[in-house]
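The file work31.cif contains mmCIF, C-alpha atoms and all ligand atoms:
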data_protein
loop_
_atom_site.label_atom_id
_atom_site.label_comp_id
_atom_site.auth_asym_id
_atom_site.auth_seq_id
_atom_site.Cartn_x
_atom_site.Cartn_y
_atom_site.Cartn_z
CA MET A 722 21.48 1.91 14.57
CA THR A 723 21.84 5.59 13.66
CA THR A 724 19.36 6.76 11.07
CA GLU A 725 20.11 9.70 8.80
CA ILE A 726 17.27 11.69 7.27
CA PHE A 727 17.77 13.15 3.78
CA LYS A 728 15.17 15.76 2.90
CA ILE A 729 14.59 16.12 -0.81
CA ASN A 730 11.98 18.42 -2.31
CA LYS A 731 13.47 19.00 -5.74
CA LEU A 732 16.03 17.17 -7.84
CA GLY A 733 18.97 19.62 -7.98
CA SER A 734 22.63 18.62 -7.88
CA ASP A 735 22.84 18.63 -4.05
CA GLU A 736 19.83 16.37 -3.87
CA ARG A 737 21.29 14.03 -6.48
CA LYS A 738 24.38 13.71 -4.27
CA LEU A 739 22.15 12.63 -1.39
CA ILE A 740 20.45 10.03 -3.57
CA GLU A 741 23.89 8.86 -4.66
CA ARG A 742 24.89 8.41 -1.01
CA ALA A 743 21.72 6.46 -0.41
CA SER A 744 22.49 4.25 -3.44
CA GLU A 745 25.93 3.48 -1.97
CA ILE A 746 24.19 2.27 1.17
CA ILE A 747 21.93 0.01 -0.93
CA LYS A 748 24.97 -1.37 -2.80
CA ASN A 749 26.65 -2.09 0.54
CA GLY A 750 23.69 -4.11 1.79
CA GLY A 751 22.09 -1.37 3.95
CA LEU A 752 18.48 -0.26 4.40
CA VAL A 753 17.04 2.91 2.85
CA VAL A 754 13.46 4.13 3.22
CA PHE A 755 12.39 6.01 0.09
CA PRO A 756 9.22 7.74 -1.13
CA THR A 757 7.12 6.32 -3.95
CA GLU A 758 3.92 7.63 -5.53
CA THR A 759 1.90 5.07 -3.53
CA VAL A 760 3.43 4.76 -0.03
CA TYR A 761 6.96 4.83 1.39
CA GLY A 762 9.10 1.72 0.78
CA LEU A 763 11.71 0.05 2.99
CA GLY A 764 14.43 -0.80 0.48
CA ALA A 765 17.47 -3.04 0.17
CA ASP A 766 19.41 -4.71 -2.66
CA ALA A 767 16.99 -7.38 -3.93
CA THR A 768 19.85 -9.52 -5.23
CA ASN A 769 21.57 -9.65 -1.83
CA GLU A 770 20.09 -12.33 0.40
CA SER A 771 21.35 -10.94 3.70
CA ALA A 772 20.16 -7.43 2.80
CA SER A 773 16.68 -8.81 2.07
CA LYS A 774 16.66 -10.60 5.39
CA LYS A 775 17.37 -7.29 7.12
CA ILE A 776 14.10 -5.96 5.69
CA TYR A 777 12.06 -8.76 7.28
CA GLU A 778 13.81 -8.12 10.57
CA ALA A 779 13.33 -4.31 10.54
CA LYS A 780 9.63 -4.71 9.72
CA GLY A 781 8.93 -7.72 11.89
CA ARG A 782 7.53 -9.47 8.83
CA PRO A 783 7.09 -13.26 8.42
CA SER A 784 9.78 -14.57 6.06
CA ASP A 785 7.30 -16.33 3.75
CA ASN A 786 5.64 -13.05 2.75
CA PRO A 787 7.54 -12.02 -0.41
CA LEU A 788 8.91 -8.59 -1.31
CA ILE A 789 8.23 -6.56 -4.45
CA ILE A 790 11.36 -5.80 -6.46
CA HIS A 791 11.53 -2.23 -7.76
CA ILE A 792 13.11 -1.52 -11.13
CA SER A 793 13.95 1.76 -12.87
CA GLU A 794 12.61 0.76 -16.30
CA ALA A 795 10.40 -2.05 -17.55
CA GLU A 796 13.23 -3.84 -19.42
CA MET A 797 15.20 -4.23 -16.20
CA ALA A 798 12.81 -7.09 -15.32
CA GLU A 799 14.49 -9.30 -17.98
CA GLU A 800 17.38 -10.21 -15.74
CA TYR A 801 15.17 -11.25 -12.84
CA ALA A 802 11.95 -12.65 -14.30
CA TYR A 803 10.46 -14.34 -17.36
CA THR A 804 8.57 -11.58 -19.13
CA ASN A 805 6.04 -11.95 -21.94
CA GLU A 806 3.99 -9.89 -24.34
CA LEU A 807 1.33 -9.08 -21.76
CA TYR A 808 3.96 -7.79 -19.37
CA TYR A 809 5.16 -5.33 -21.99
CA ARG A 810 1.60 -4.26 -22.80
CA LEU A 811 1.05 -3.50 -19.10
CA ALA A 812 4.43 -1.79 -18.94
CA GLU A 813 3.78 0.39 -21.95
CA LYS A 814 0.50 1.61 -20.53
CA PHE A 815 1.22 1.85 -16.81
CA MET A 816 4.98 1.95 -16.13
CA PRO A 817 6.52 3.82 -14.51
CA GLY A 818 3.52 3.93 -12.21
CA PRO A 819 1.56 2.30 -9.40
CA ILE A 820 1.34 -1.24 -10.79
CA THR A 821 3.10 -4.43 -9.68
CA VAL A 822 3.23 -7.47 -11.97
CA VAL A 823 3.78 -11.02 -10.74
CA LEU A 824 6.00 -13.06 -13.10
CA ARG A 825 7.92 -16.33 -12.98
CA ALA A 826 11.21 -15.63 -11.21
CA LYS A 827 14.74 -16.25 -12.44
CA GLN A 828 17.39 -17.63 -10.08
CA THR A 829 19.00 -14.16 -9.90
CA VAL A 830 16.38 -13.27 -7.26
CA PRO A 831 17.33 -14.96 -3.98
CA LEU A 832 14.64 -17.11 -2.37
CA ALA A 833 14.69 -14.85 0.71
CA THR A 834 13.52 -11.92 -1.44
CA ARG A 835 10.64 -13.84 -2.99
CA GLY A 836 9.57 -15.54 0.23
CA GLY A 837 10.40 -18.96 -1.20
CA LEU A 838 8.00 -18.63 -4.18
CA ASP A 839 8.86 -19.42 -7.81
CA THR A 840 7.37 -16.08 -8.84
CA VAL A 841 8.52 -12.53 -8.24
CA ALA A 842 6.55 -9.28 -8.14
CA VAL A 843 8.08 -6.37 -10.13
CA ARG A 844 7.21 -2.71 -9.99
CA CYS A 845 8.69 0.37 -11.67
CA PRO A 846 7.81 3.40 -9.53
CA ALA A 847 7.07 6.78 -11.10
CA ASN A 848 8.37 8.81 -8.16
CA LYS A 849 11.54 10.56 -9.42
CA ILE A 850 13.51 10.00 -6.20
CA ALA A 851 12.65 6.30 -6.16
CA ASN A 852 13.48 5.90 -9.82
CA GLU A 853 16.83 7.69 -9.51
CA LEU A 854 17.74 5.68 -6.40
CA ILE A 855 17.17 2.40 -8.24
CA ARG A 856 19.04 3.60 -11.33
CA LEU A 857 22.08 4.72 -9.32
CA SER A 858 22.08 1.53 -7.24
CA GLY A 859 22.25 -0.55 -10.44
CA VAL A 860 20.25 -3.35 -8.82
CA PRO A 861 16.54 -3.88 -8.25
CA ILE A 862 15.45 -2.67 -4.81
CA ALA A 863 13.33 -5.03 -2.75
CA ALA A 864 10.85 -2.96 -0.77
CA PRO A 865 7.72 -3.62 1.21
CA SER A 866 5.81 -0.68 2.62
CA ALA A 867 7.98 1.00 5.27
CA ASN A 868 5.71 0.34 8.24
CA LEU A 869 6.15 -2.09 11.09
CA SER A 870 4.04 -5.20 10.52
CA GLY A 871 0.64 -4.38 11.99
CA THR A 872 0.56 -0.61 11.34
CA PRO A 873 -0.79 1.09 8.19
CA SER A 874 1.54 1.80 5.28
CA PRO A 875 3.31 5.15 5.75
CA THR A 876 2.24 8.07 3.58
CA SER A 877 4.33 10.79 5.24
CA VAL A 878 7.84 10.97 6.63
CA ASN A 879 6.45 11.30 10.15
CA HIS A 880 4.76 7.92 9.80
CA VAL A 881 8.09 6.49 8.67
CA ILE A 882 9.95 8.05 11.57
CA ASP A 883 7.39 6.65 14.03
CA ASP A 884 7.97 3.11 12.74
CA MET A 885 11.50 2.96 11.35
CA PHE A 886 13.74 5.46 13.11
CA GLY A 887 16.73 3.56 14.54
CA ARG A 888 15.97 0.50 12.38
CA VAL A 889 17.31 1.71 9.01
CA ASP A 890 20.40 3.54 7.74
CA VAL A 891 18.65 6.32 5.83
CA ILE A 892 15.16 7.75 5.50
CA ILE A 893 14.63 9.87 2.40
CA ASP A 894 11.94 12.47 3.11
CA GLY A 895 10.18 13.16 -0.18
CA GLY A 896 7.00 14.70 1.25
CA ASN A 897 3.55 13.16 1.35
CA SER A 898 2.67 10.24 -0.92
CA ASP A 899 0.61 11.23 -3.98
CA PHE A 900 -1.80 8.32 -4.04
CA GLY A 901 -1.60 7.03 -0.47
CA LEU A 902 -2.59 3.37 -1.01
CA GLU A 903 -0.26 0.59 -2.18
CA SER A 904 0.13 -0.36 -5.85
CA THR A 905 -2.26 -2.49 -7.87
CA ILE A 906 -0.91 -6.06 -7.98
CA VAL A 907 -1.74 -8.17 -11.00
CA LYS A 908 -0.77 -11.69 -11.98
CA ILE A 909 -0.43 -12.72 -15.61
CA ASP A 910 -2.26 -15.99 -16.21
CA ASP A 911 -1.26 -18.69 -18.69
CA ASP A 912 -4.42 -18.13 -20.75
CA GLY A 913 -3.54 -14.48 -21.45
CA GLY A 914 -5.81 -13.24 -18.68
CA LEU A 915 -4.99 -11.11 -15.68
CA THR A 916 -5.87 -11.72 -12.04
CA LEU A 917 -6.11 -8.72 -9.78
CA LEU A 918 -4.49 -9.62 -6.45
CA ARG A 919 -4.58 -6.19 -4.80
CA PRO A 920 -6.59 -3.21 -6.09
CA GLY A 921 -4.93 0.20 -6.33
CA LYS A 922 -4.81 3.30 -8.49
CA ILE A 923 -4.70 1.23 -11.69
CA THR A 924 -8.31 0.05 -11.75
CA VAL A 925 -10.12 -3.00 -13.11
CA ASN A 926 -11.28 -0.89 -16.06
CA ASP A 927 -7.68 0.10 -16.75
CA LEU A 928 -6.73 -3.59 -16.83
CA PHE A 929 -9.54 -4.34 -19.30
CA GLN A 930 -7.63 -2.15 -21.77
CA ILE A 931 -4.88 -4.79 -21.73
CA SER A 932 -6.82 -8.04 -21.64
CA ASP A 933 -10.49 -8.98 -22.02
CA LYS A 934 -10.06 -11.59 -19.29
CA VAL A 935 -9.67 -9.79 -15.98
CA ARG A 936 -10.46 -11.78 -12.84
CA ILE A 937 -10.60 -10.41 -9.35
CA ALA A 938 -9.12 -12.66 -6.67
CA ASP A 939 -11.75 -13.52 -4.04
CA ALA A 940 -9.62 -12.15 -1.23
CA VAL A 941 -9.90 -8.63 -2.71
CA THR A 942 -13.47 -8.32 -1.50
CA ASP A 943 -14.14 -11.36 0.68
CA LYS A 944 -12.77 -13.05 3.72
CA LEU A 945 -10.48 -16.00 2.99
CA LYS A 946 -12.28 -19.17 3.99
CA GLU A 947 -10.76 -21.41 6.64
CA GLY A 948 -7.89 -23.38 5.09
CA GLU A 949 -8.12 -21.57 1.73
CA LEU A 950 -4.75 -20.86 0.09
CA ALA A 951 -4.05 -17.20 -0.70
CA ILE A 952 -2.72 -16.51 -4.25
CA SER A 953 -0.85 -13.58 -2.77
CA PRO A 954 0.76 -14.53 0.53
CA GLY A 955 0.08 -11.07 1.97
CA MET A 956 -3.65 -11.80 1.81
CA LYS A 957 -3.50 -14.48 4.43
CA TYR A 958 -2.08 -12.23 7.10
CA ARG A 959 -4.39 -10.12 9.16
CA HIS A 960 -3.79 -6.72 7.69
CA TYR A 961 -3.40 -3.57 9.71
CA ALA A 962 -6.29 -3.05 12.13
CA PRO A 963 -6.54 -0.16 14.56
CA GLY A 964 -6.51 -0.78 18.32
CA ALA A 965 -10.19 0.13 18.62
CA PRO A 966 -12.61 -1.91 16.52
CA LEU A 967 -13.43 -0.25 13.20
CA ILE A 968 -17.04 -0.69 12.07
CA LEU A 969 -18.07 0.09 8.49
CA LEU A 970 -21.57 1.45 8.03
CA ASP A 971 -23.29 0.59 4.77
CA GLY A 972 -26.27 2.90 4.40
CA GLU A 973 -27.65 6.44 4.33
CA THR A 974 -26.37 9.07 6.76
CA ALA A 975 -29.61 9.13 8.75
CA ALA A 976 -29.53 5.36 9.21
CA SER A 977 -25.89 5.56 10.32
CA VAL A 978 -26.79 8.19 12.92
CA GLU A 979 -29.58 5.98 14.23
CA TYR A 980 -27.31 2.95 14.39
CA ILE A 981 -24.60 4.80 16.33
CA LYS A 982 -27.24 6.17 18.72
CA SER A 983 -28.74 2.78 19.37
CA ASN A 984 -25.29 1.38 20.19
CA SER A 985 -24.49 4.25 22.51
CA LYS A 986 -20.87 4.20 23.62
CA GLU A 987 -18.53 6.75 25.17
CA ASN A 988 -15.39 7.94 23.51
CA ILE A 989 -16.16 7.19 19.89
CA ALA A 990 -14.59 8.38 16.64
CA ILE A 991 -16.47 8.87 13.39
CA ILE A 992 -14.77 9.08 10.03
CA CYS A 993 -17.23 10.74 7.67
CA TYR A 994 -17.57 12.62 4.40
CA ASP A 995 -17.50 16.39 4.29
CA GLU A 996 -21.20 16.48 3.48
CA ASP A 997 -22.05 14.63 6.71
CA VAL A 998 -19.82 16.42 9.19
CA PHE A 999 -22.61 18.70 10.39
CA GLU A 1000 -25.06 15.84 10.86
CA PHE A 1001 -22.66 13.71 12.88
CA SER A 1002 -21.16 16.48 15.02
CA HIS A 1003 -24.66 17.78 15.75
CA ASN A 1004 -25.86 14.34 16.88
CA PHE A 1005 -22.65 13.30 18.64
CA PRO A 1006 -21.10 16.41 20.16
CA ASN A 1007 -18.65 14.34 22.23
CA ALA A 1008 -17.42 12.20 19.37
CA GLN A 1009 -14.16 12.85 17.56
CA ILE A 1010 -15.07 13.54 13.95
CA TYR A 1011 -12.49 12.89 11.21
CA ASN A 1012 -13.21 14.44 7.85
CA PHE A 1013 -12.67 12.06 4.95
CA GLY A 1014 -13.21 14.73 2.27
CA HIS A 1015 -16.06 14.97 -0.23
CA ARG A 1016 -18.08 11.83 -0.84
CA GLU A 1017 -17.17 11.79 -4.54
CA ASP A 1018 -13.51 12.66 -4.00
CA LEU A 1019 -12.10 9.14 -3.81
CA ALA A 1020 -8.58 10.36 -4.55
CA ASN A 1021 -8.62 12.48 -1.41
CA GLN A 1022 -9.98 9.57 0.63
CA ALA A 1023 -7.23 7.29 -0.70
CA ARG A 1024 -4.61 9.90 0.15
CA SER A 1025 -5.86 10.41 3.71
CA LEU A 1026 -7.06 6.96 4.84
CA PHE A 1027 -3.84 5.65 6.41
CA SER A 1028 -3.08 9.00 7.98
CA LEU A 1029 -6.53 9.12 9.61
CA LEU A 1030 -6.20 5.56 10.89
CA ARG A 1031 -2.82 6.38 12.41
CA LEU A 1032 -4.25 9.52 14.02
CA ALA A 1033 -7.19 7.60 15.46
CA ASP A 1034 -4.87 4.91 16.72
CA LYS A 1035 -2.97 7.41 18.87
CA ARG A 1036 -6.16 7.98 20.84
CA ASP A 1037 -7.92 5.48 22.99
CA PHE A 1038 -11.32 5.26 21.28
CA SER A 1039 -13.79 2.56 22.24
CA ILE A 1040 -14.95 2.26 18.65
CA ILE A 1041 -14.34 3.90 15.27
CA TYR A 1042 -17.12 4.21 12.68
CA ALA A 1043 -16.52 4.84 8.99
CA PRO A 1044 -18.63 4.67 5.82
CA LEU A 1045 -18.31 1.60 3.59
CA PRO A 1046 -16.83 2.80 0.27
CA VAL A 1047 -18.25 1.96 -3.15
CA LYS A 1048 -16.37 -0.71 -5.08
CA ASP A 1049 -16.05 1.22 -8.36
CA GLY A 1050 -12.80 2.55 -9.80
CA ILE A 1051 -10.26 3.39 -7.11
CA GLY A 1052 -13.11 2.88 -4.63
CA LEU A 1053 -12.25 -0.84 -4.83
CA ALA A 1054 -8.80 -0.11 -3.36
CA LEU A 1055 -10.37 1.86 -0.51
CA TYR A 1056 -12.97 -0.86 0.01
CA ASN A 1057 -10.26 -3.55 0.17
CA ARG A 1058 -8.09 -1.69 2.71
CA MET A 1059 -11.06 -0.66 4.84
CA ILE A 1060 -12.76 -4.07 5.09
CA ARG A 1061 -9.44 -5.53 6.15
CA ALA A 1062 -8.77 -2.82 8.73
CA ALA A 1063 -12.32 -3.49 9.98
CA ALA A 1064 -11.74 -7.26 10.03
CA HIS A 1065 -14.84 -7.46 7.76
CA LYS A 1066 -17.17 -5.88 10.32
CA ILE A 1067 -19.74 -4.32 8.00
CA ILE A 1068 -23.17 -3.23 9.24
CA LYS A 1069 -25.79 -3.32 6.47
CA LEU A 1070 -28.30 -0.62 7.35
O1 LIG A 1101 2.90 0.37 -3.59
C1 LIG A 1101 3.51 -0.63 -3.23
O2 LIG A 1101 3.37 -1.73 -3.81
C2 LIG A 1101 4.48 -0.49 -2.05
C3 LIG A 1101 5.61 0.42 -2.49
C4 LIG A 1101 6.69 0.55 -1.46
O3 LIG A 1101 6.12 -0.01 -3.71
N1 LIG A 1101 4.96 -1.78 -1.63
C5 LIG A 1101 4.18 -2.65 -0.95
O4 LIG A 1101 4.85 -3.81 -0.55
O5 LIG A 1101 3.02 -2.45 -0.69
P1 LIG A 1101 4.25 -4.81 0.54
O6 LIG A 1101 5.34 -5.82 0.73
O7 LIG A 1101 3.82 -4.06 1.71
O8 LIG A 1101 3.06 -5.50 -0.19
C6 LIG A 1101 3.34 -6.36 -1.27
C7 LIG A 1101 2.33 -7.46 -1.37
C8 LIG A 1101 2.38 -8.43 -0.22
O9 LIG A 1101 1.05 -8.66 0.21
C9 LIG A 1101 2.97 -9.70 -0.82
O10 LIG A 1101 2.43 -10.85 -0.24
C10 LIG A 1101 2.58 -9.57 -2.28
O11 LIG A 1101 2.66 -8.21 -2.55
N2 LIG A 1101 3.54 -10.26 -3.16
C11 LIG A 1101 4.86 -10.06 -3.27
N3 LIG A 1101 5.42 -10.91 -4.12
C12 LIG A 1101 4.41 -11.70 -4.59
C13 LIG A 1101 4.34 -12.80 -5.49
N4 LIG A 1101 5.41 -13.29 -6.09
N5 LIG A 1101 3.11 -13.35 -5.74
C14 LIG A 1101 2.01 -12.86 -5.13
N6 LIG A 1101 2.02 -11.84 -4.25
C15 LIG A 1101 3.20 -11.26 -3.98
MG MG A 1102 2.64 -3.56 3.31
#
What's the structure tokens form of this structure?
Amino acid sequence: MTTEIFKINKLGSDERKLIERASEIIKNGGLVVFPTETVYGLGADATNESASKKIYEAKGRPSDNPLIIHISEAEMAEEYAYTNELYYRLAEKFMPGPITVVLRAKQTVPLATRGGLDTVAVRCPANKIANELIRLSGVPIAAPSANLSGTPSPTSVNHVIDDMFGRVDVIIDGGNSDFGLESTIVKIDDDGGLTLLRPGKITVNDLFQISDKVRIADAVTDKLKEGELAISPGMKYRHYAPGAPLILLDGETAASVEYIKSNSKENIAIICYDEDVFEFSHNFPNAQIYNFGHREDLANQARSLFSLLRLADKRDFSIIYAPLPVKDGIGLALYNRMIRAAAHKIIKL
């Protein structure tokens, strides 16, 4: 398949024409990769069963793992899902933005799009290109992250090209993703509570502004037990993990240095905070050091995590070390992605 790349850095009239062309492709059942404020999405008409199936094929994704449907304004959910008061409270506070809400689905969403579930996940992205693309298409756009199954979500157009070139009709290049980790997913419970299924930029504290009952699904921080059913189907799949084992070190810098020394290996990579670069490069002059930014700058870490993991994956390291993030605020999103990439290998120092 030939893939066209549309580069858009501002929203002038020429750029709008490009988005219009992309929307025609969506309306005709094609595949368009588009930027969002979290990560790039691999989009198709959510109401078109065969278009949705193309997404699973292009990504190599199991067909029982449902897609998020992207809408251009909160009210657009009405046609596709049963909304309620809590949905609109979430929408008023966080939409458009990096939140996805799981609601009971209407029949207008084909089963292929929702992976056979009776619920559907809806999200209204803040990214202007994404929003305009959905509006011009006139239909919700089903979109998972635009990576091949088994690689990290793409946060730059180069990541998208690596994974999707030749598999989609259009890639819209909208620059680097602002946040860099996927949206917060929340389910509205019958008792007026909220269950966090996937942590993201909208934090647990943010959700407490909407409901005083906020639960965190076990799979956010823990390994699913054998035979346990995942509330969010995506949780049961092994998430992205780099080729070399990733080990998360939970302790002071000095203890981490000692641990790495005592497990001496050739050809190692160390992801570390700015403050520790000197210490690690001094002790391990042959190691590849990746700078994660300042310890307190979680936004920078979120923005760079997937990029660093992709970089490391291009090299043949025997092992990759990284610090275990704190679970507070957006740290919980980092923690969740990193423990999964590490297949829960955490060393308590
Ligand atoms: O930020 C994001 O959410 C990005 C951008 C492109 O919007 N999208 C994204 O999609 O991360 P994806 O498919 O890579 O991850 C969506 C997750 C999957 O783990 C899926 O299992 C879960 O959402 N999901 C989708 N529909 C669901 C539903 N009805 N109930 C529970 N979980 C659902
Ligand atoms: Mg994904």
Determine, using only C-alpha atoms and all ligand atoms, which residues of chain A have any atom at most 6 Å from an atom of ligand MG 1102 (chain A), and tabulate each with its shortest atom pair and distance in Å to one decimal place, rows ordered by chain and then rising number, as CSV.
residue,atom,partner,partner_atom,distance
A:Pro865,CA,A:MG1102,MG,5.5
A:Ser866,CA,A:MG1102,MG,4.3
A:Ser874,CA,A:MG1102,MG,5.8
Could you pull out the residues sitting within 6 Å of ligand LIG 1101 (chain A), using all atoms listed in the file, and write them as a ChimeraX atom specification? /A:759-762,786-789,823,840-842,864-866,903-904,953-956
10 Å contact set for Asp943 in chain A, all atoms listed in the file, chain neighbours under 6 positions out, as a VMD selection string: chain A and resid 1057 1060 to 1061 1065
Near Thr942 in chain A, within 9 Å and counting only C-alpha atoms, which residues show up once chain neighbours fewer than 4 positions away are dropped, as a PyMOL selection string? chain A and resi 937-938+1048+1053+1056-1057+1060
So how many Å separate CA of Ala1008 in chain A and CA of Leu1032 in chain A, to one decimal? 14.5 Å
So which residues are close to (19.8, 9.1, -2.6), meaning at most 12 Å away in the file's coordinates with only C-alpha atoms counted, and can you show them as a compact mmCIF listing (two decimals) with C-alpha atoms, keeping the file's coordinate frame?
# COMPACT_ATOMS: atom_id res chain seq x y z
CA GLU A 725 20.11 9.70 8.80
CA ILE A 726 17.27 11.69 7.27
CA PHE A 727 17.77 13.15 3.78
CA LYS A 728 15.17 15.76 2.90
CA ILE A 729 14.59 16.12 -0.81
CA LEU A 732 16.03 17.17 -7.84
CA GLY A 733 18.97 19.62 -7.98
CA SER A 734 22.63 18.62 -7.88
CA ASP A 735 22.84 18.63 -4.05
CA GLU A 736 19.83 16.37 -3.87
CA ARG A 737 21.29 14.03 -6.48
CA LYS A 738 24.38 13.71 -4.27
CA LEU A 739 22.15 12.63 -1.39
CA ILE A 740 20.45 10.03 -3.57
CA GLU A 741 23.89 8.86 -4.66
CA ARG A 742 24.89 8.41 -1.01
CA ALA A 743 21.72 6.46 -0.41
CA SER A 744 22.49 4.25 -3.44
CA GLU A 745 25.93 3.48 -1.97
CA ILE A 746 24.19 2.27 1.17
CA ILE A 747 21.93 0.01 -0.93
CA LYS A 748 24.97 -1.37 -2.80
CA LEU A 752 18.48 -0.26 4.40
CA VAL A 753 17.04 2.91 2.85
CA VAL A 754 13.46 4.13 3.22
CA PHE A 755 12.39 6.01 0.09
CA PRO A 756 9.22 7.74 -1.13
CA GLY A 764 14.43 -0.80 0.48
CA LYS A 849 11.54 10.56 -9.42
CA ILE A 850 13.51 10.00 -6.20
CA ALA A 851 12.65 6.30 -6.16
CA ASN A 852 13.48 5.90 -9.82
CA GLU A 853 16.83 7.69 -9.51
CA LEU A 854 17.74 5.68 -6.40
CA ILE A 855 17.17 2.40 -8.24
CA ARG A 856 19.04 3.60 -11.33
CA LEU A 857 22.08 4.72 -9.32
CA SER A 858 22.08 1.53 -7.24
CA ASP A 890 20.40 3.54 7.74
CA VAL A 891 18.65 6.32 5.83
CA ILE A 892 15.16 7.75 5.50
CA ILE A 893 14.63 9.87 2.40
CA ASP A 894 11.94 12.47 3.11
CA GLY A 895 10.18 13.16 -0.18
Please determine, counting all atoms listed in the file, which residue among A:Gly1052, A:Pro1046, A:Pro966, A:Pro1006 has the shortest atom-to-atom distance to Tyr994 in chain A.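 Using all atoms listed in the file, Tyr994 in chain A sits closest to A:Pro1046.
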If we count only C-alpha atoms, what is near Ile1067 in chain A at a cut-off of 7 Å, once residues fewer than 2 positions away on the same chain are taken out, given as a ChimeraX atom specification? /A:968-971,1065,1069
Keeping only C-alpha atoms, write the selected residues to a file as a compact mmCIF listing (two decimals), in the coordinates of the input.
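So result-v6.txt came out as:
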# COMPACT_ATOMS: atom_id res chain seq x y z
CA ILE A 968 -17.04 -0.69 12.07
CA LEU A 969 -18.07 0.09 8.49
CA LEU A 970 -21.57 1.45 8.03
CA ASP A 971 -23.29 0.59 4.77
CA HIS A 1065 -14.84 -7.46 7.76
CA LYS A 1069 -25.79 -3.32 6.47
Between CA of Gly1050 in chain A and CA of Gly871 in chain A, what distance in Å does the model show, to one decimal? 26.5 Å
Give me the residues near Ser985 in chain A as a PDB file with C-alpha atoms, in the frame of the given file, where near means some atom within 12 Å (using all atoms listed in the file) and where sequence neighbours in that chain fewer than 4 positions away do not count.
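File produced: out.pdb:
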ATOM      1  CA  VAL A 978     -26.790   8.190  12.920  1.00  0.00           C
ATOM      2  CA  GLU A 979     -29.580   5.980  14.230  1.00  0.00           C
ATOM      3  CA  TYR A 980     -27.310   2.950  14.390  1.00  0.00           C
ATOM      4  CA  ILE A 981     -24.600   4.800  16.330  1.00  0.00           C
ATOM      5  CA  ILE A 989     -16.160   7.190  19.890  1.00  0.00           C
ATOM      6  CA  ASN A1004     -25.860  14.340  16.880  1.00  0.00           C
ATOM      7  CA  PHE A1005     -22.650  13.300  18.640  1.00  0.00           C
ATOM      8  CA  ASN A1007     -18.650  14.340  22.230  1.00  0.00           C
ATOM      9  CA  ALA A1008     -17.420  12.200  19.370  1.00  0.00           C
ATOM     10  CA  SER A1039     -13.790   2.560  22.240  1.00  0.00           C
ATOM     11  CA  ILE A1040     -14.950   2.260  18.650  1.00  0.00           C
TER      12      ILE A1040
END
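Comparing the minimum interatomic distances between Ile923 in chain A and each of A:Leu869, A:Leu902, A:Thr768, A:Asp883, counting only C-alpha atoms, we find that A:Leu902 sits nearest.
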Have a look at CA of Asn730 in chain A and CA of Thr872 in chain A and let me know their distance in Å, one decimal.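 Atom-to-atom, CA of Asn730 in chain A and CA of Thr872 in chain A are spaced 26.1 Å apart.
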Find, counting only C-alpha atoms, the residue in A:Asp899, A:Glu770, A:Asp884, A:Glu996 that gets nearest to Asn868 in chain A.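 Smallest separation from Asn868 in chain A among the options: A:Asp884.
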Rank nothing, just name the residue among A:Tyr961, A:Leu763, A:His880, A:Asp910 nearest to Arg936 in chain A, using all atoms listed in the file.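 Ranking A:Tyr961, A:Leu763, A:His880, A:Asp910 by distance to Arg936 in chain A, first place goes to A:Asp910.
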So which residues touch Asp939 in chain A within 10 Å, counting all atoms listed in the file, skipping near sequence neighbours fewer than 3 positions away, as an mmCIF file with C-alpha atoms, in the coordinates of the input?
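Below you can see part39.cif, which holds the result:
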data_model
loop_
_atom_site.group_PDB
_atom_site.id
_atom_site.type_symbol
_atom_site.label_atom_id
_atom_site.label_comp_id
_atom_site.auth_asym_id
_atom_site.auth_seq_id
_atom_site.Cartn_x
_atom_site.Cartn_y
_atom_site.Cartn_z
ATOM 1 C CA LEU A 917 -6.110 -8.720 -9.780
ATOM 2 C CA LEU A 918 -4.490 -9.620 -6.450
ATOM 3 C CA ARG A 936 -10.460 -11.780 -12.840
ATOM 4 C CA THR A 942 -13.470 -8.320 -1.500
ATOM 5 C CA ASP A 943 -14.140 -11.360 0.680
ATOM 6 C CA LYS A 944 -12.770 -13.050 3.720
ATOM 7 C CA LEU A 945 -10.480 -16.000 2.990
ATOM 8 C CA LYS A 946 -12.280 -19.170 3.990
ATOM 9 C CA ALA A 951 -4.050 -17.200 -0.700
ATOM 10 C CA ILE A 952 -2.720 -16.510 -4.250
#
